[in-house]
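Read through the structure below, which is laid out as C-alpha cells, and then see the notes.
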Amino acid sequence: MAIKVKFFASLREWAGQSEVMLEPEGLASVADVLKASTGERGGSDSVLCALNFETVSLSHAVKDGDEVAFFPPVTGG
Amino acid sequence: MAIKVKFFASLREWAGQSEVMLEPEGLASVADVLKASTGERGGSDSVLCALNFETVSLSHAVKDGDEVAFFPPVTGG
Amino acid sequence: MAVVIESDSFDPWQALQRHQDSLVGGSFGATAVFVGSMRDFNQGDEVQGMTLEHYPGMTEHQLEAIAAEAAEQWPLLDTLIHHRVGDIDPAEPIVLTAVWSAHRAAAFEANRFLMEALKSRAPFWKREQLSDGEERWVEKNTPGY
Amino acid sequence: MAVVIESDSFDPWQALQRHQDSLVGGSFGATAVFVGSMRDFNQGDEVQGMTLEHYPGMTEHQLEAIAAEAAEQWPLLDTLIHHRVGDIDPAEPIVLTAVWSAHRAAAFEANRFLMEALKSRAPFWKREQLSDGEERWVEKNTPGY
C-alpha cells in the first residue's frame with residue numbers, strides 16, 4: 001500500500017502537484033507527510049489538513065493506506 | 001360622513017356583524033366606537049384595534065371618516 | 001418589492017422563478033426564502049381544511065410596511081411576499097417570503113424578520129376544519145424564536 | 001436527505017419542486033431555503049467568471065455529515081443541498097440549501113446552520129476571473145454572523 005497525498009487550490013499550485021503516493025516508512029504524522037511531499041516543515045493558518053476526508057491537525061497520526069490532503073481555507077457556498 | 005367599523009374572525013362572530021357605519025357624534029376614542037357598536041365597555045388582550053389600517057390602542061382618538069376595526073390576535077403565515 | 005394576496009393555490013417555486021427573472025442577474029449573491037404550507041395535523045388533531053380570513057386593505061398596507069422596514073434595516077435588492085386567503089387544502093402553500101441581497105447575512109436576517117413580523121402583525125386569521133366535523137379558530141401563532 | 005454536486009448549471013426552483021414532490025404533502029409546515037448565486041462584482045472588482053475546485057469524496061462526506069448534524073439538532077423532515085463545481089458564469093446559482101420541518105423555528109435555524117457549516121467546512125475553493133484578465137483565488141469567505 002502507500003499513503004496518498006492530495007493538494008488543492010492555491011496549495012496545489014504552490015506544491016506544483018495535485019497528487020503523490022508516498023511510501024509509509026518513517027511517516028508518523030500528517031506533519032511528516034507534509035514535509036516528505038513538499039519539504040515544508042510546519043504548517044500555517046492557511047494550510048488545512050484532512051485525513052480520510054476529515055479535517056485534522058498536523059500532529060495527527062497517519063498509517064499505511066491513508067489519504068492525506070492539504071488545502072487553503074475553504075471558500076465555497 | 002361617518003365612522004366605518006369592521007369586525008373580523010371570532011370578533012365578527014361575537015359581534016354578529018362584519019361592518020357597521022356609525023354617526024361620529026359623541027365618539028372621541030376607539031373605545032367609544034367599540035362601546036357604541038357592541039355595547040362592550042372595555043377591551044381585553046384578545047381584542048385588537050386598528051385605525052385606518054394601523055394597529056392602535058383603545059384610547060386612540062377617532063374622527064369622522066375614519067375606519068376602525070376590531071379583531072382577535074392574528075394567526076396568518 | 002411585491003406583495004401578492006392569492007385566493008387560488010399558488011406554486012411558490014414558480015413564483016420565485018418568475019419574480020427573479022425580473023431582477024438583474026449577477027447583482028444578488030444571496031436569496032433567502034421561506035414557505036409555510038398547510039399541515040394536516042395541528043395541536044393533536046387531524047385537520048381537513050382551513051379558511052384564511054383577512055382584512056383587505058390593511059393586509060397589503062401592513063405587508064408593504066414590513067417589507068419597507070426590512071429594506072431600511074438591511075441592504076436588500078428585492079423582496080417578495082405571497083399569502084393565500086380563502087379555503088385551503090392540506091399541503092397547499094400558505095405563505096412565501098423571499099429576499100434578495102448581495103450577502104447572505106442580510107438575506108437570512110431580513111427574511112426571518114419578514115416572517116416573524118408577518119406572523120405577529122399582518123391581519124390574517126385561520127379557521128380549521130377538523131376531520132371529526134368540528135371547526136375552530138386558531139387562537140394564536142406558535143412562537144418563532 | 002440528498003446532496004448533489006453539479007458540474008452543469010442548475011435551476012434551484014426546479015430542484016426544489018422536484019425534491020418536494022417526493023415528500024408527503026401535509027407533513028411539513030415550514031420550508032427554509034437559501035440560494036447563493038454568482039455576483040459579477042467582488043471586493044471592488046468586476047468578475048467575469050469563476051472556477052470552483054472541490055475535493056471529490058471529501059465534499060460529499062462533509063456535506064452529508066453537516067446534514068446529519070442538522071437532523072440531530074432540529075426535528076427535520078428532509079434536507080436538500082446542491083453545489084456547483086467547475087466553470088461558473090455570473091448570475092448562475094452556486095449553492096442551494098433547503099430544509100423541511102413541521103415548524104418554522106427549526107426550519108430557519110437548521111437552514112442557516114447548513115449554510116454556515118458548508119461555508120466553513122466543505123472543501124470548495126473559488127478562483128475568480130476578473131474583467132481585466134487577472135485571475136485570483138478567493139482567500140476567505142465573508143462572515144455569516
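How things are named: the first chain in the C-alpha cells is A, the next is B, and so on; residues count from 1 in each chain; ligands count from 1 in the order shown.
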
Inset, instruction - Over all Cα atoms in order, fit chain C to chain D and jot down the RMSD to one decimal place. - result: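 Here the C-alpha RMSD works out to 0.0 Å.
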
Inset, instruction - Just the residues within 8 Å of Ala69 of chain A, please, counting only C-alpha atoms, with nothing from its chain fewer than 4 positions along; format it as a PyMOL selection string. - result: chain A and resi 5-8+49-51

Export N, CA and C atoms of the chosen residues as a PDB file, in the first residue's frame?
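Ended up saving to part.pdb:
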```
ATOM      1  N   VAL A   5      -1.357  11.378  -1.120  1.00  0.00           N
ATOM      2  CA  VAL A   5      -1.346  12.781  -0.698  1.00  0.00           C
ATOM      3  C   VAL A   5      -1.942  13.639  -1.806  1.00  0.00           C
ATOM      4  N   LYS A   6      -2.897  14.508  -1.438  1.00  0.00           N
ATOM      5  CA  LYS A   6      -3.530  15.384  -2.428  1.00  0.00           C
ATOM      6  C   LYS A   6      -3.355  16.850  -2.037  1.00  0.00           C
ATOM      7  N   PHE A   7      -3.273  17.693  -3.045  1.00  0.00           N
ATOM      8  CA  PHE A   7      -3.167  19.139  -2.830  1.00  0.00           C
ATOM      9  C   PHE A   7      -4.280  19.823  -3.625  1.00  0.00           C
ATOM     10  N   PHE A   8      -4.857  20.873  -3.038  1.00  0.00           N
ATOM     11  CA  PHE A   8      -5.955  21.571  -3.714  1.00  0.00           C
ATOM     12  C   PHE A   8      -5.723  23.072  -3.777  1.00  0.00           C
ATOM     13  N   CYS A  49      -5.440  20.575   6.828  1.00  0.00           N
ATOM     14  CA  CYS A  49      -5.132  19.174   6.534  1.00  0.00           C
ATOM     15  C   CYS A  49      -6.386  18.331   6.724  1.00  0.00           C
ATOM     16  N   ALA A  50      -6.539  17.333   5.845  1.00  0.00           N
ATOM     17  CA  ALA A  50      -7.609  16.353   6.032  1.00  0.00           C
ATOM     18  C   ALA A  50      -7.002  14.960   5.989  1.00  0.00           C
ATOM     19  N   LEU A  51      -7.541  14.080   6.803  1.00  0.00           N
ATOM     20  CA  LEU A  51      -7.123  12.687   6.813  1.00  0.00           C
ATOM     21  C   LEU A  51      -8.362  11.839   6.565  1.00  0.00           C
TER      22      LEU A  51
END
```

Inset, instruction - Residues of chain A no more than 10 Å from chain D, counting only C-alpha atoms: send them over as a ChimeraX atom specification. - result: /A:6-10,46,50-55,69,71-77

Based on the selection just made, write C-alpha atoms of those residues as a PDB file, in the first residue's frame.
```pdb
ATOM      1  CA  LYS A   6      -3.530  15.384  -2.428  1.00  0.00           C
ATOM      2  CA  PHE A   7      -3.167  19.139  -2.830  1.00  0.00           C
ATOM      3  CA  PHE A   8      -5.955  21.571  -3.714  1.00  0.00           C
ATOM      4  CA  ALA A   9      -6.378  25.123  -4.986  1.00  0.00           C
ATOM      5  CA  SER A  10      -3.525  27.527  -4.177  1.00  0.00           C
ATOM      6  CA  SER A  46      -3.546  28.964   5.746  1.00  0.00           C
ATOM      7  CA  ALA A  50      -7.609  16.353   6.032  1.00  0.00           C
ATOM      8  CA  LEU A  51      -7.123  12.687   6.813  1.00  0.00           C
ATOM      9  CA  ASN A  52      -9.531  10.306   5.094  1.00  0.00           C
ATOM     10  CA  PHE A  53     -11.991  13.176   4.397  1.00  0.00           C
ATOM     11  CA  GLU A  54     -11.948  14.548   7.979  1.00  0.00           C
ATOM     12  CA  THR A  55     -10.183  17.768   8.926  1.00  0.00           C
ATOM     13  CA  ALA A  69      -4.883  16.261   1.798  1.00  0.00           C
ATOM     14  CA  PHE A  71      -5.533  22.879   1.124  1.00  0.00           C
ATOM     15  CA  PRO A  72      -6.154  26.550   1.937  1.00  0.00           C
ATOM     16  CA  PRO A  73      -9.207  27.854   3.845  1.00  0.00           C
ATOM     17  CA  VAL A  74     -12.365  26.781   2.037  1.00  0.00           C
ATOM     18  CA  THR A  75     -14.382  29.343   0.056  1.00  0.00           C
ATOM     19  CA  GLY A  76     -17.457  27.502  -1.196  1.00  0.00           C
ATOM     20  CA  GLY A  77     -21.112  28.388  -0.931  1.00  0.00           C
TER      21      GLY A  77
END
```

Inset, instruction - Please return as a ChimeraX atom specification: the residues of chain A that backbone DSSP assigns to helix (DSSP H, G or I). - result: /A:9-15,30-38

Legend entry - All residues 10 Å or closer to Ala61 of chain A, only C-alpha atoms, same chain fewer than 6 positions away omitted, as an MDAnalysis selection string: chainID A and resid 27:33 51

Inset, instruction - Find the spatial neighbours of Pro90 of chain D, counting only C-alpha atoms, within a cut-off of 8 Å - ignore same-chain residues fewer than 2 positions away - and output them as an NGL selection string. - result: (:C and (25-26)) or (:D and (37-40 or 47-50 or 88 or 92))

Inset, instruction - Residues of chain D near chain C: apply a cut-off of 9 Å, count only C-alpha atoms, and supply the list as an MDAnalysis selection string. - result: chainID D and resid 11:14 16:17 24:41 89:93 102:108 112 142:145

Save out the residues we just selected, N, CA and C atoms, as a compact mmCIF listing (two decimals), in the first residue's frame.
```txt
# COMPACT_ATOMS: atom_id res chain seq x y z
N ASP D 11 -31.21 24.80 -12.00
CA ASP D 11 -32.26 25.73 -11.62
C ASP D 11 -32.72 25.37 -10.20
N PRO D 12 -32.43 26.24 -9.22
CA PRO D 12 -32.74 25.88 -7.84
C PRO D 12 -34.23 25.69 -7.59
N TRP D 13 -35.06 26.48 -8.29
CA TRP D 13 -36.52 26.39 -8.04
C TRP D 13 -37.06 25.08 -8.59
N GLN D 14 -36.54 24.65 -9.75
CA GLN D 14 -36.96 23.34 -10.27
C GLN D 14 -36.45 22.21 -9.38
N LEU D 16 -35.99 22.35 -6.21
CA LEU D 16 -36.83 22.33 -5.00
C LEU D 16 -38.17 21.66 -5.29
N GLN D 17 -38.76 22.01 -6.41
CA GLN D 17 -40.05 21.43 -6.78
C GLN D 17 -39.93 19.91 -6.93
N VAL D 24 -44.10 13.73 1.56
CA VAL D 24 -45.53 13.56 1.82
C VAL D 24 -46.14 14.93 2.12
N GLY D 25 -47.01 15.42 1.24
CA GLY D 25 -47.67 16.71 1.44
C GLY D 25 -48.48 16.70 2.73
N GLY D 26 -48.50 17.85 3.42
CA GLY D 26 -49.25 17.93 4.67
C GLY D 26 -48.42 17.61 5.89
N SER D 27 -47.25 16.98 5.66
CA SER D 27 -46.40 16.62 6.81
C SER D 27 -45.53 17.79 7.25
N PHE D 28 -45.16 18.65 6.30
CA PHE D 28 -44.30 19.78 6.65
C PHE D 28 -45.08 21.08 6.61
N GLY D 29 -44.77 21.96 7.56
CA GLY D 29 -45.42 23.26 7.59
C GLY D 29 -44.45 24.37 7.23
N ALA D 30 -43.16 24.05 7.18
CA ALA D 30 -42.14 25.09 7.02
C ALA D 30 -41.01 24.61 6.13
N THR D 31 -40.70 25.40 5.13
CA THR D 31 -39.56 25.13 4.25
C THR D 31 -38.69 26.38 4.23
N ALA D 32 -37.43 26.22 4.61
CA ALA D 32 -36.50 27.36 4.55
C ALA D 32 -35.44 27.03 3.50
N VAL D 33 -35.13 28.02 2.69
CA VAL D 33 -34.27 27.82 1.52
C VAL D 33 -33.23 28.93 1.46
N PHE D 34 -32.03 28.57 1.04
CA PHE D 34 -31.04 29.59 0.70
C PHE D 34 -30.46 29.25 -0.66
N VAL D 35 -30.31 30.28 -1.50
CA VAL D 35 -29.63 30.11 -2.77
C VAL D 35 -28.50 31.14 -2.86
N GLY D 36 -27.29 30.66 -3.07
CA GLY D 36 -26.16 31.56 -3.31
C GLY D 36 -25.88 31.60 -4.80
N SER D 37 -25.77 32.81 -5.35
CA SER D 37 -25.56 32.96 -6.79
C SER D 37 -24.27 33.72 -7.04
N MET D 38 -23.74 33.57 -8.23
CA MET D 38 -22.50 34.26 -8.55
C MET D 38 -22.75 35.72 -8.87
N ARG D 39 -22.08 36.59 -8.15
CA ARG D 39 -22.18 38.03 -8.43
C ARG D 39 -21.14 38.42 -9.47
N ASP D 40 -21.42 39.51 -10.19
CA ASP D 40 -20.47 39.96 -11.21
C ASP D 40 -19.53 41.03 -10.63
N PHE D 41 -19.48 41.10 -9.30
CA PHE D 41 -18.72 42.15 -8.63
C PHE D 41 -18.27 41.60 -7.28
N ASP D 89 -20.65 31.03 -14.64
CA ASP D 89 -20.84 32.38 -15.17
C ASP D 89 -21.59 33.25 -14.17
N PRO D 90 -21.40 34.57 -14.24
CA PRO D 90 -22.15 35.46 -13.36
C PRO D 90 -23.64 35.19 -13.45
N ALA D 91 -24.32 35.32 -12.33
CA ALA D 91 -25.77 35.14 -12.18
C ALA D 91 -26.17 33.68 -12.01
N GLU D 92 -25.25 32.75 -12.27
CA GLU D 92 -25.63 31.34 -12.09
C GLU D 92 -25.65 30.97 -10.61
N PRO D 93 -26.57 30.09 -10.24
CA PRO D 93 -26.59 29.63 -8.85
C PRO D 93 -25.37 28.76 -8.53
N ALA D 102 -41.75 20.62 10.53
CA ALA D 102 -43.14 20.91 10.90
C ALA D 102 -43.29 22.40 11.21
N HIS D 103 -42.29 22.99 11.86
CA HIS D 103 -42.42 24.38 12.34
C HIS D 103 -41.29 25.26 11.85
N ARG D 104 -41.55 26.57 11.83
CA ARG D 104 -40.63 27.48 11.17
C ARG D 104 -39.33 27.71 11.94
N ALA D 105 -39.37 27.71 13.28
CA ALA D 105 -38.13 27.99 14.01
C ALA D 105 -37.05 26.97 13.64
N ALA D 106 -37.42 25.70 13.62
CA ALA D 106 -36.46 24.65 13.27
C ALA D 106 -35.98 24.82 11.83
N ALA D 107 -36.90 25.15 10.93
CA ALA D 107 -36.52 25.29 9.52
C ALA D 107 -35.53 26.44 9.33
N PHE D 108 -35.84 27.60 9.90
CA PHE D 108 -34.95 28.76 9.77
C PHE D 108 -33.57 28.44 10.34
N ARG D 112 -29.95 27.85 8.27
CA ARG D 112 -28.80 28.76 8.44
C ARG D 112 -27.57 27.99 8.90
N THR D 142 -16.79 35.54 3.42
CA THR D 142 -17.28 36.60 4.30
C THR D 142 -18.00 35.96 5.49
N PRO D 143 -17.90 36.61 6.66
CA PRO D 143 -18.56 36.03 7.84
C PRO D 143 -20.07 36.05 7.68
N GLY D 144 -20.72 35.05 8.26
CA GLY D 144 -22.18 34.92 8.12
C GLY D 144 -22.94 35.55 9.26
N TYR D 145 -22.22 35.86 10.36
CA TYR D 145 -22.95 36.45 11.51
C TYR D 145 -22.39 37.82 11.85
```

Inset, instruction - For atom CA of Lys35 of chain A and atom CA of Glu135 of chain D, quote the distance in Å rounded to one decimal. - result: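 Atom CA of Lys35 of chain A sits 28.8 Å away from atom CA of Glu135 of chain D.
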
Inset, instruction - Could you find all residues in chain A that DSSP calls strand (DSSP E or B) from the backbone, and write them as a PyMOL selection string? - result: chain A and resi 3-7+19-22+29+48-51+54-56+61+67-71
